[in-house]
Amino acid sequence: MKLDPIVALATSLQTQAISICRISGDGAIDIAETLTHLHLENQDHRISYGFIHDPLTDEEVDEVLVLVMKGPKSYTREDVVEIHSHGGIYVTQRILSLILGAGARLARPGEFTQRAVLHGRIDLAQAEGVNALIEADSIQSAKLALSQLKGSLSLLSEPLKEELLTIIAHIEVNIDYPEYDIEQVTRTQLLPLCTEFRAKLVLILKEAQSGQRMREGVKTAIIGKPNVGKSSLLNALLNEDKAIVTDIPGTTRDVVEGTIRLDKVTLHLMDTAGIRESEDRIEKLGIEKTKQIIQDAALILFVVDGSQALDKDEEAVLSTLDPEKTLVIHNKKDLASLSDRLEVSALNKDISALIEALNKRYEVDQFVFTKPVLNNERTIGLVRQALSSIDSAIQAIQEDIAVDLINLDLTAAYEALVGLTDPENNTSIADELFARFCLGK
Ligand code: GDP
């Protein structure tokens with residue numbers, strides 16, 4: 001498959017030491033030869049020195065280094081030429097326009113990577129990894145992206161597909177040998193296999209959650225009745241040495257959103273202004289907006305005044321919260337202290353117990369890097385789909401439903417897993433994916 005030459009700046013357009021214009025596709029080398037008067041055909045994976053000329057006037061535009069990477073040994077698997085010029089904005093733009101004039105067209109965002117996928121150099125999952133790596137803003141998320149880029153998603157999906165095929169094969173075999181009692185075989189063989197397979201999908205989704213937490217932070221809501229010290233606690237968290245505060249407008253009283261990065265976890269504080277605005281009455285925790293926040297939150301910091309017993313309203317609210325995601329924080333420990341609870345003094349910025357509890361709670365996330373992890377909605381959605389198909393297969397097995405219906409469920413699960421690395425001709429997803437890339441990648 002030969003595709004027209006595309007060009008983009010691989011570096012940003014600003015005054016800098018060097019700029020790199022990258023051309024990929026059929027004719028990329030011709031274009032570079034036209035503009036530099038160099039013979040580049042035999043310079044594969046070598047750097048040549050020369051000048052860019054304006055073909056109309058033959059005027060020298062800039063002194064450049066030209067790197068030729070003939071396909072398939074290039075990022076796109078096509079012939080790729082990089083022109084390294086001086087970094088001035090004018091010079092860079094001029095070279096880009098000369099390349100366009102010589103027959104290349106401006107690449108769309110992500111089009112280089114799209115070509116790498118089209119030519120089979122990387123799969124779609126790896127392409128997502130490229131994007132994630134570019135967007136990574138911490139060492140953890142960069143590591144995660146790099147593991148995906150290296151093809152770890154295929155490492156994850158291939159054994160799953162194999163295993164599922166084996167399960168499906170059991171059914172096919174039984175259908176082919178009708179002298180066996182199919183229902184009997186189904187129940188004794190398929191059920192444990194499917195249950196075991198289901199557990200693997202659940203684990204993968206759990207790990208994906210950790211990965212997501214690493215990238216996006218844990219959606220956190222700080223709630224509690226008035227004057228228990230929510231603002232003070234927020235303040236103390238923001239002052240934490242290891243906290244990196246971003247995107248927090250105004251004073252703490254107005255804080256609506258922000259990200260706090262701790263050792264082992266990033267907290268993404270959600271807009272809880274609604275709770276404070278509602279006349280500061282805890283009964284108002286019932287209002288829709290607050291309900292939504294509580295529902296969306298993966299972590300709820302429920303602040304109470306440790307110098308007083310919980311009142312009826314607090315007990316009532318607490319009973320509606322998911323204990324799995326709720327930390328009850330007894331504030332004002334400077335006024336009253338009991339050893340068996342999570343206590344802080346927001347006023348004195350003494351919140352080490354909370355920080356410790358948070359780091360401990362998310363410690364397991366640290367192990368995620370070594371394993372392949374799903375890292376975006378598309379892939380997580382597919383594994384969820386597979387899980388729900390397996391669930392209905394398990395249900396069908398338990399309810400003695402006809403074997404070919406079970407087979408349908410298993411096949412649906414298999415197709416969802418295939419979609420992880422090979423979303424067939426699903427161009428809309430692929431287009432969407434590549435459009436998220438930055439230009440020149
Ligand atoms: P919010 O309404 O829940 O946001 O509570 P604030 O953070 O505004 O605090 C209410 C009052 O409690 C203020 O007067 C704070 O100074 C005080 N306060 C907050 N944290 C502590 C603490 O740890 N110890 C003591 N003694 N007072 C605190």
# chains A, B, ... in the order shown; residues from 1 in each chain; ligands from 1
$ residues_near_ligand --ligand "ligand 1" --cutoff "8 Å" --atoms "only C-alpha atoms and all ligand atoms" --output "list in words"
Ile223, Gly224, Lys225, Pro226, Asn227, Val228, Gly229, Lys230, Ser231, Ser232, Leu233, Leu234, Arg253, Arg276, Asp280, Val303, Asn331, Lys332, Lys333, Asp334, Leu335, Val344, Ser345, Ala346, Leu347, Asn348, Lys349 and Asp350 of chain A
$ residues_around --residues "Lys2 in chain A" --least-positions-apart "4" --cutoff "9 Å" --atoms "only C-alpha atoms" --output "VMD selection string"
chain A and resid 25 to 26 78
$ write_last_selection --atoms "all heavy atoms" --output "compact mmCIF listing (two decimals), in the first residue's frame"
# COMPACT_ATOMS: atom_id res chain seq x y z
N GLY A 25 5.89 8.86 3.34
CA GLY A 25 5.02 8.39 2.26
C GLY A 25 5.77 8.23 0.96
O GLY A 25 6.99 8.46 0.88
N ASP A 26 5.02 7.82 -0.03
CA ASP A 26 5.60 7.57 -1.33
C ASP A 26 6.07 8.90 -1.93
O ASP A 26 5.29 9.83 -2.06
CB ASP A 26 4.51 6.95 -2.22
CG ASP A 26 5.11 6.29 -3.44
OD1 ASP A 26 6.29 5.89 -3.37
OD2 ASP A 26 4.41 6.20 -4.47
N GLU A 78 6.90 3.61 6.12
CA GLU A 78 7.03 4.21 4.80
C GLU A 78 8.40 4.86 4.73
O GLU A 78 9.12 4.93 5.73
CB GLU A 78 5.96 5.30 4.63
CG GLU A 78 4.54 4.78 4.73
CD GLU A 78 3.51 5.91 4.66
OE1 GLU A 78 3.81 7.03 5.10
OE2 GLU A 78 2.41 5.65 4.14
$ closest_residue --among "A:Leu410, A:Val130, A:Val61, A:Leu310" --to "Ala169 in chain A" --atoms "only C-alpha atoms"
A:Leu410
$ residues_around --residues "Val218 in chain A" --least-positions-apart "5" --cutoff "9 Å" --atoms "only C-alpha atoms" --output "list in words"
Gln212, Arg213, Val265, Thr266, Leu267, His268, Leu269, Ala297, Ala298 and Leu299 of chain A
$ write_last_selection --atoms "C-alpha atoms" --output "mmCIF file, in the first residue's frame"
data_model
loop_
_atom_site.group_PDB
_atom_site.id
_atom_site.type_symbol
_atom_site.label_atom_id
_atom_site.label_comp_id
_atom_site.auth_asym_id
_atom_site.auth_seq_id
_atom_site.Cartn_x
_atom_site.Cartn_y
_atom_site.Cartn_z
ATOM 1 C CA GLN A 212 -6.907 5.070 35.709
ATOM 2 C CA ARG A 213 -6.425 6.332 39.254
ATOM 3 C CA VAL A 265 -1.876 8.469 44.851
ATOM 4 C CA THR A 266 -3.257 11.519 43.160
ATOM 5 C CA LEU A 267 -6.471 12.927 44.587
ATOM 6 C CA HIS A 268 -8.755 14.768 42.277
ATOM 7 C CA LEU A 269 -10.966 16.858 44.520
ATOM 8 C CA ALA A 297 -16.639 9.963 44.017
ATOM 9 C CA ALA A 298 -14.321 6.993 44.315
ATOM 10 C CA LEU A 299 -13.267 8.285 47.721
#
$ atom_distance --atom1 "CA of Tyr362 in chain A" --atom2 "CA of Arg198 in chain A"
24.2 Å
$ residues_around --residues "Leu358 in chain A" --least-positions-apart "6" --cutoff "12 Å" --atoms "only C-alpha atoms" --output "PyMOL selection string"
chain A and resi 218+220+237+260-267+299-301+325-327+329+342+351-352+364-365
$ write_last_selection --atoms "N, CA, C and O atoms" --output "mmCIF file, in the first residue's frame"
data_model
loop_
_atom_site.group_PDB
_atom_site.id
_atom_site.type_symbol
_atom_site.label_atom_id
_atom_site.label_comp_id
_atom_site.auth_asym_id
_atom_site.auth_seq_id
_atom_site.Cartn_x
_atom_site.Cartn_y
_atom_site.Cartn_z
ATOM 1 N N VAL A 218 -7.796 10.004 42.023
ATOM 2 C CA VAL A 218 -8.993 9.423 42.624
ATOM 3 C C VAL A 218 -10.016 10.546 42.810
ATOM 4 O O VAL A 218 -9.716 11.554 43.446
ATOM 5 N N THR A 220 -12.357 12.535 44.516
ATOM 6 C CA THR A 220 -12.504 12.621 45.967
ATOM 7 C C THR A 220 -13.475 13.730 46.360
ATOM 8 O O THR A 220 -13.394 14.835 45.833
ATOM 9 N N LEU A 237 -4.293 19.768 53.421
ATOM 10 C CA LEU A 237 -3.906 18.869 52.331
ATOM 11 C C LEU A 237 -3.135 19.635 51.263
ATOM 12 O O LEU A 237 -2.136 19.163 50.732
ATOM 13 N N ILE A 260 -4.348 16.926 43.960
ATOM 14 C CA ILE A 260 -3.286 16.860 44.953
ATOM 15 C C ILE A 260 -2.546 15.553 44.754
ATOM 16 O O ILE A 260 -3.142 14.489 44.801
ATOM 17 N N ARG A 261 -1.260 15.676 44.473
ATOM 18 C CA ARG A 261 -0.495 14.456 44.232
ATOM 19 C C ARG A 261 0.268 14.073 45.494
ATOM 20 O O ARG A 261 1.120 14.815 45.956
ATOM 21 N N LEU A 262 -0.063 12.931 46.038
ATOM 22 C CA LEU A 262 0.660 12.419 47.197
ATOM 23 C C LEU A 262 1.637 11.367 46.703
ATOM 24 O O LEU A 262 1.702 11.086 45.510
ATOM 25 N N ASP A 263 2.351 10.765 47.632
ATOM 26 C CA ASP A 263 3.341 9.755 47.274
ATOM 27 C C ASP A 263 2.787 8.669 46.364
ATOM 28 O O ASP A 263 3.303 8.373 45.306
ATOM 29 N N LYS A 264 1.720 8.038 46.821
ATOM 30 C CA LYS A 264 1.236 6.841 46.154
ATOM 31 C C LYS A 264 -0.042 7.086 45.381
ATOM 32 O O LYS A 264 -0.565 6.183 44.755
ATOM 33 N N VAL A 265 -0.565 8.264 45.480
ATOM 34 C CA VAL A 265 -1.876 8.469 44.851
ATOM 35 C C VAL A 265 -2.096 9.950 44.541
ATOM 36 O O VAL A 265 -1.541 10.824 45.200
ATOM 37 N N THR A 266 -2.862 10.161 43.507
ATOM 38 C CA THR A 266 -3.257 11.519 43.160
ATOM 39 C C THR A 266 -4.734 11.666 43.479
ATOM 40 O O THR A 266 -5.552 10.849 43.063
ATOM 41 N N LEU A 267 -5.055 12.699 44.279
ATOM 42 C CA LEU A 267 -6.471 12.927 44.587
ATOM 43 C C LEU A 267 -6.999 14.015 43.673
ATOM 44 O O LEU A 267 -6.388 15.069 43.536
ATOM 45 N N LEU A 299 -13.717 8.164 46.335
ATOM 46 C CA LEU A 299 -13.267 8.285 47.721
ATOM 47 C C LEU A 299 -14.043 9.420 48.375
ATOM 48 O O LEU A 299 -14.139 10.512 47.818
ATOM 49 N N ILE A 300 -14.598 9.124 49.543
ATOM 50 C CA ILE A 300 -15.323 10.160 50.280
ATOM 51 C C ILE A 300 -14.608 10.386 51.606
ATOM 52 O O ILE A 300 -14.423 9.452 52.391
ATOM 53 N N LEU A 301 -14.145 11.600 51.794
ATOM 54 C CA LEU A 301 -13.563 11.944 53.084
ATOM 55 C C LEU A 301 -14.690 12.568 53.906
ATOM 56 O O LEU A 301 -15.115 13.692 53.645
ATOM 57 N N LYS A 325 -15.737 2.993 50.137
ATOM 58 C CA LYS A 325 -15.069 4.182 49.614
ATOM 59 C C LYS A 325 -15.098 5.380 50.563
ATOM 60 O O LYS A 325 -14.767 6.489 50.183
ATOM 61 N N THR A 326 -15.478 5.112 51.804
ATOM 62 C CA THR A 326 -15.582 6.225 52.747
ATOM 63 C C THR A 326 -14.517 6.147 53.840
ATOM 64 O O THR A 326 -14.287 5.076 54.409
ATOM 65 N N LEU A 327 -13.849 7.250 54.066
ATOM 66 C CA LEU A 327 -12.942 7.357 55.209
ATOM 67 C C LEU A 327 -13.562 8.362 56.174
ATOM 68 O O LEU A 327 -13.815 9.505 55.791
ATOM 69 N N ILE A 329 -13.079 10.822 58.996
ATOM 70 C CA ILE A 329 -11.934 11.526 59.558
ATOM 71 C C ILE A 329 -12.374 12.321 60.781
ATOM 72 O O ILE A 329 -13.239 13.189 60.681
ATOM 73 N N LEU A 342 -9.261 7.300 62.910
ATOM 74 C CA LEU A 342 -8.418 8.124 62.057
ATOM 75 C C LEU A 342 -8.581 9.581 62.491
ATOM 76 O O LEU A 342 -9.621 10.186 62.257
ATOM 77 N N ILE A 351 -1.923 16.174 59.796
ATOM 78 C CA ILE A 351 -2.785 15.252 59.047
ATOM 79 C C ILE A 351 -2.012 14.013 58.602
ATOM 80 O O ILE A 351 -2.389 13.335 57.652
ATOM 81 N N SER A 352 -0.902 13.726 59.289
ATOM 82 C CA SER A 352 -0.061 12.612 58.846
ATOM 83 C C SER A 352 -0.812 11.279 58.836
ATOM 84 O O SER A 352 -0.589 10.444 57.963
ATOM 85 N N VAL A 364 -1.162 -0.619 46.489
ATOM 86 C CA VAL A 364 -1.186 -1.712 45.527
ATOM 87 C C VAL A 364 -0.992 -1.193 44.101
ATOM 88 O O VAL A 364 -0.470 -1.877 43.241
ATOM 89 N N ASP A 365 -1.372 0.068 43.874
ATOM 90 C CA ASP A 365 -1.227 0.642 42.535
ATOM 91 C C ASP A 365 0.215 0.597 42.049
ATOM 92 O O ASP A 365 0.478 0.595 40.862
#
$ select_by_dssp --residues "range 287-430 of chain A" --states "helix (DSSP H, G or I)" --output "PyMOL selection string"
chain A and resi 288-296+312-320+323-325+352-361+363-370+377-398+403-421+427-430
$ residues_around --residues "Leu193 in chain A" --least-positions-apart "3" --cutoff "10 Å" --atoms "only C-alpha atoms" --output "list in words"
Glu163, Leu164, Thr166, Ile167, Thr188, Gln189, Leu190, Glu196, Phe197, Arg198 and Ile394 of chain A
$ atom_distance --atom1 "CA of Ala17 in chain A" --atom2 "CA of Ser48 in chain A"
18.5 Å
$ residues_around --residues "range 378-383 of chain A" --least-positions-apart "4" --cutoff "10 Å" --atoms "only C-alpha atoms" --output "PyMOL selection string"
chain A and resi 125+128+153+157+201-202+204-205+208-209+373-374+387-389+413-421+429+433
$ select_by_dssp --residues "range 59-237 of chain A" --states "strand (DSSP E)" --output "list in words"
Glu60, Val61, Asp62, Glu63, Val64, Leu65, Val66, Leu67, Val68, Met69, Val80, Val81, Glu82, Ile83, His84, Ser85, His86, Gly87, Arg105, Leu106, Val218, Lys219, Thr220, Ala221, Ile222 and Ile223 of chain A
$ residues_around --residues "Leu67 in chain A" --least-positions-apart "5" --cutoff "7 Å" --atoms "only C-alpha atoms" --output "PyMOL selection string"
chain A and resi 45-48+81-83
$ write_last_selection --atoms "N, CA, C and O atoms" --output "PDB file, in the first residue's frame"
ATOM      1  N   HIS A  45      19.143   5.562   6.579  1.00  0.00           N
ATOM      2  CA  HIS A  45      19.556   5.646   7.975  1.00  0.00           C
ATOM      3  C   HIS A  45      20.901   6.363   8.152  1.00  0.00           C
ATOM      4  O   HIS A  45      21.697   6.019   9.018  1.00  0.00           O
ATOM      5  N   ARG A  46      21.131   7.325   7.277  1.00  0.00           N
ATOM      6  CA  ARG A  46      22.320   8.170   7.429  1.00  0.00           C
ATOM      7  C   ARG A  46      21.858   9.615   7.445  1.00  0.00           C
ATOM      8  O   ARG A  46      20.791   9.949   6.936  1.00  0.00           O
ATOM      9  N   ILE A  47      22.718  10.441   7.970  1.00  0.00           N
ATOM     10  CA  ILE A  47      22.418  11.871   7.990  1.00  0.00           C
ATOM     11  C   ILE A  47      23.273  12.561   6.934  1.00  0.00           C
ATOM     12  O   ILE A  47      24.488  12.334   6.857  1.00  0.00           O
ATOM     13  N   SER A  48      22.639  13.354   6.090  1.00  0.00           N
ATOM     14  CA  SER A  48      23.372  14.090   5.055  1.00  0.00           C
ATOM     15  C   SER A  48      23.330  15.578   5.357  1.00  0.00           C
ATOM     16  O   SER A  48      22.347  16.079   5.909  1.00  0.00           O
ATOM     17  N   VAL A  81      11.592  11.049   5.733  1.00  0.00           N
ATOM     18  CA  VAL A  81      12.737  11.955   5.717  1.00  0.00           C
ATOM     19  C   VAL A  81      12.518  13.021   6.769  1.00  0.00           C
ATOM     20  O   VAL A  81      11.432  13.605   6.866  1.00  0.00           O
ATOM     21  N   GLU A  82      13.550  13.216   7.589  1.00  0.00           N
ATOM     22  CA  GLU A  82      13.487  14.310   8.560  1.00  0.00           C
ATOM     23  C   GLU A  82      14.459  15.389   8.127  1.00  0.00           C
ATOM     24  O   GLU A  82      15.624  15.101   7.841  1.00  0.00           O
ATOM     25  N   ILE A  83      13.970  16.603   8.075  1.00  0.00           N
ATOM     26  CA  ILE A  83      14.856  17.724   7.746  1.00  0.00           C
ATOM     27  C   ILE A  83      15.061  18.541   9.015  1.00  0.00           C
ATOM     28  O   ILE A  83      14.110  19.086   9.570  1.00  0.00           O
TER      29      ILE A  83
END
$ atom_distance --atom1 "CA of Ile52 in chain A" --atom2 "CA of Leu35 in chain A"
5.4 Å
$ closest_residue --among "A:Arg341, A:His37, A:Lys312, A:Lys70" --to "Ala353 in chain A" --atoms "only C-alpha atoms"
A:Arg341
